[in-house]
Every structure is written in structure tokens, then in C-alpha cells.
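S.K.: Shown below is the structure under consideration.
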Amino acid sequence: MKMSTHKIGLNEAQIEALTAATPEEDILTRAGGGFEMSYVTGEYVKRTMLNVFGGAIRYQVLDRVVDKGSLILHVSVEYPLYENHKNGSVISDTWGRIEEFGTATIRADFGQAWKTAFTDALKRAATHLGIGLDLYHKTQEEKETIDAGAKPAWVEAAEANNAHRPQRDKL
């Protein structure tokens, strides 16, 4: 059996950039399911993908469904893959593809719902490449802590900080 002298896929630098810890300044939080969820914006995801793939990203909406006040988009996100010879030269290039779904509630502005659903699908697709996966782990740890009845570290820190403040009389 002859051993292949080339490989196709993401290079080490791309994998490292895609799976890097999310910078603190790009992490936002919101309440959800009885615990605090960490997330990133669609702009962070787009910026990361554009940087990693040198601007070569293709998006396509494959299908849309409007049902009971909700919009569901089926989106394809494509990114370049290069087939490299063992000496590093590019033999050919092809495209990787991830399909995901995004949802949004339709309120007064259908355009805003479209943007929200598309961004939701893009962010979901990006996790398949590793973008923001550290946040899912962080959120899951916090959820497990709450499910076990223990207080998350951020709650304990806030309570300790508030213990040093004078209490006001209730009206």
C-alpha cells in the first residue's frame, strides 16, 4: 500500500486560531434557563472566520420556513480547504461545507428576524469549526453547578462583596 504524500483540510495555524479561547472582551452574558449563559456576537464569529480563511467564506440560504410567528433558515457556510503536498506547496483547493439552522421570532420587522435567524445559523456552524466552544463548556459547568444545588463562583464572589456594604433599611 502506497502512503499518501499530501493531505487536505485545515492547517495547524487555522485549527489553532479556530479553537483558541475566546478573548474576554468578546464574551457577553445573558440569563437563560436559570443560569448565566456566555456567548459571542455574530460580528465576532464573522471576523474570526474572515481572518482564519483570508476573507474566503461563502454563505447561502438553502431554505426558509415561516411557521407560527417564527422564521427558520437552513444555511450553508463554505470555507476553503487546501490540499498540500508534503513540501507545503498547494496541489489543489476545494471547499468544506457546514449546514446549520437558525431561528428567530418574527415581530414587526421581518428583515430583523431574517438577520437574527441567519446570525444564529452562522454561529451554530462556527462551533463545528471550534469557534466559541470554550463558552459552551463554561456554560455547561455553570449549569451543572446550579443543578447540583451549589452556587456558581460568580454568585459567591458577589455575595462576599456585598457583605462589606452597609445594609439599607427597607421601606
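The way I read the labels, and the way they are meant: chains A, B, ... in the order of the C-alpha cells, residue 1 as the first residue of every chain, and ligand 1 as the first ligand shown, with later ones counted on from there.
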Taking 2 positions as the minimum chain separation for residues in the same chain, which residues sit within 7 Å of Leu73 in chain A when counting only C-alpha atoms? Answer as a list in words.
M.R.: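 That gives Val61, Asp63, Arg64, Val65, Leu71, Val75, Phe101, Gly102, Thr103, Ala117 and Phe118 of chain A.
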S.K.: Report, in Å with one decimal, the straight-line distance from CA of Arg97 in chain A to CA of Ala126 in chain A.
M.R.: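 Separation between CA of Arg97 in chain A and CA of Ala126 in chain A: 10.9 Å.
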S.K.: Closest to Glu78 in chain A among A:Ala17, A:Ala108, A:Val45, A:Ile57, using only C-alpha atoms?
M.R.: A:Ile57
S.K.: Have a look at A:Thr119, A:Thr105, A:Asn51, A:Thr29 and name the one nearest to Ser76 in chain A; count only C-alpha atoms.
M.R.: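 Looking only at the distances to Ser76 in chain A, the closest residue turns out to be A:Thr119.
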S.K.: Select, from A:Pro80, A:Gly96, A:Gly132, A:Pro23, the residue with the minimum atom-to-atom distance to Val52 in chain A, counting only C-alpha atoms.
M.R.: A:Pro80
S.K.: Run DSSP on the backbone of this structure and report the residues of range 1-67 of chain A it assigns to strand (DSSP E), as a PyMOL selection string.
M.R.: chain A and resi 6-9+28-32+35-39+58-67
S.K.: Asp26 in chain A: which residues within 9 Å, counting only C-alpha atoms, same-chain residues fewer than 5 positions away excluded, as a list in words?
M.R.: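 The residues satisfying every condition are Tyr39, Val40, Thr41 and Tyr44 of chain A.
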S.K.: Any chance you could list, as number ranges by chain, the residues in range 102-134 of chain A that come up helix (DSSP H, G or I) when DSSP is run on the backbone?
M.R.: A: 110-129, 133-134
S.K.: Would you mind exporting N, CA and C atoms of the selected residues as a tab-separated table (two decimals), in the first residue's frame?
M.R.:
```tsv
chain	number	residue	atom	x	y	z
A	110	PHE	N	-39.63	41.97	9.57
A	110	PHE	CA	-39.21	40.68	9.00
A	110	PHE	C	-37.72	40.67	8.68
A	111	GLY	N	-37.18	41.81	8.25
A	111	GLY	CA	-35.75	41.91	7.96
A	111	GLY	C	-34.90	41.63	9.19
A	112	GLN	N	-35.32	42.12	10.33
A	112	GLN	CA	-34.58	41.87	11.58
A	112	GLN	C	-34.65	40.40	11.94
A	113	ALA	N	-35.80	39.77	11.74
A	113	ALA	CA	-35.94	38.34	12.01
A	113	ALA	C	-35.01	37.54	11.10
A	114	TRP	N	-34.92	37.94	9.84
A	114	TRP	CA	-34.03	37.27	8.88
A	114	TRP	C	-32.58	37.38	9.35
A	115	LYS	N	-32.17	38.58	9.74
A	115	LYS	CA	-30.80	38.80	10.22
A	115	LYS	C	-30.51	37.96	11.46
A	116	THR	N	-31.45	37.93	12.39
A	116	THR	CA	-31.28	37.17	13.63
A	116	THR	C	-31.16	35.67	13.34
A	117	ALA	N	-32.03	35.14	12.49
A	117	ALA	CA	-32.00	33.71	12.16
A	117	ALA	C	-30.72	33.35	11.41
A	118	PHE	N	-30.29	34.22	10.49
A	118	PHE	CA	-29.06	33.96	9.75
A	118	PHE	C	-27.86	33.95	10.69
A	119	THR	N	-27.79	34.94	11.58
A	119	THR	CA	-26.68	35.01	12.53
A	119	THR	C	-26.69	33.80	13.45
A	120	ASP	N	-27.86	33.36	13.88
A	120	ASP	CA	-27.98	32.16	14.71
A	120	ASP	C	-27.41	30.95	13.98
A	121	ALA	N	-27.76	30.78	12.71
A	121	ALA	CA	-27.24	29.65	11.93
A	121	ALA	C	-25.73	29.76	11.75
A	122	LEU	N	-25.24	30.96	11.48
A	122	LEU	CA	-23.79	31.16	11.29
A	122	LEU	C	-23.03	30.82	12.57
A	123	LYS	N	-23.53	31.28	13.70
A	123	LYS	CA	-22.86	30.99	14.98
A	123	LYS	C	-22.88	29.50	15.28
A	124	ARG	N	-23.97	28.83	14.96
A	124	ARG	CA	-24.04	27.38	15.16
A	124	ARG	C	-23.03	26.65	14.26
A	125	ALA	N	-22.94	27.09	13.01
A	125	ALA	CA	-21.98	26.49	12.08
A	125	ALA	C	-20.55	26.71	12.57
A	126	ALA	N	-20.28	27.89	13.09
A	126	ALA	CA	-18.92	28.23	13.54
A	126	ALA	C	-18.46	27.32	14.68
A	127	THR	N	-19.39	26.85	15.51
A	127	THR	CA	-18.98	25.96	16.60
A	127	THR	C	-18.46	24.64	16.06
A	128	HIS	N	-18.91	24.23	14.88
A	128	HIS	CA	-18.40	22.99	14.28
A	128	HIS	C	-16.92	23.12	13.93
A	129	LEU	N	-16.49	24.36	13.71
A	129	LEU	CA	-15.07	24.62	13.42
A	129	LEU	C	-14.28	24.91	14.69
A	133	LEU	N	-16.31	27.28	21.30
A	133	LEU	CA	-16.61	26.04	22.02
A	133	LEU	C	-16.27	26.15	23.50
A	134	ASP	N	-15.28	26.95	23.84
A	134	ASP	CA	-14.92	27.12	25.24
A	134	ASP	C	-16.08	27.73	26.03
```
S.K.: Please, what distance in Å, to one decimal, runs between CA of Leu135 in chain A and CA of Ile27 in chain A?
M.R.: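 Calculated distance between CA of Leu135 in chain A and CA of Ile27 in chain A is 8.3 Å.
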S.K.: What is the distance between CA of Ser38 in chain A and CA of Leu62 in chain A, in Å to one decimal?
M.R.: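 We find that CA of Ser38 in chain A and CA of Leu62 in chain A lie 28.7 Å from each other.
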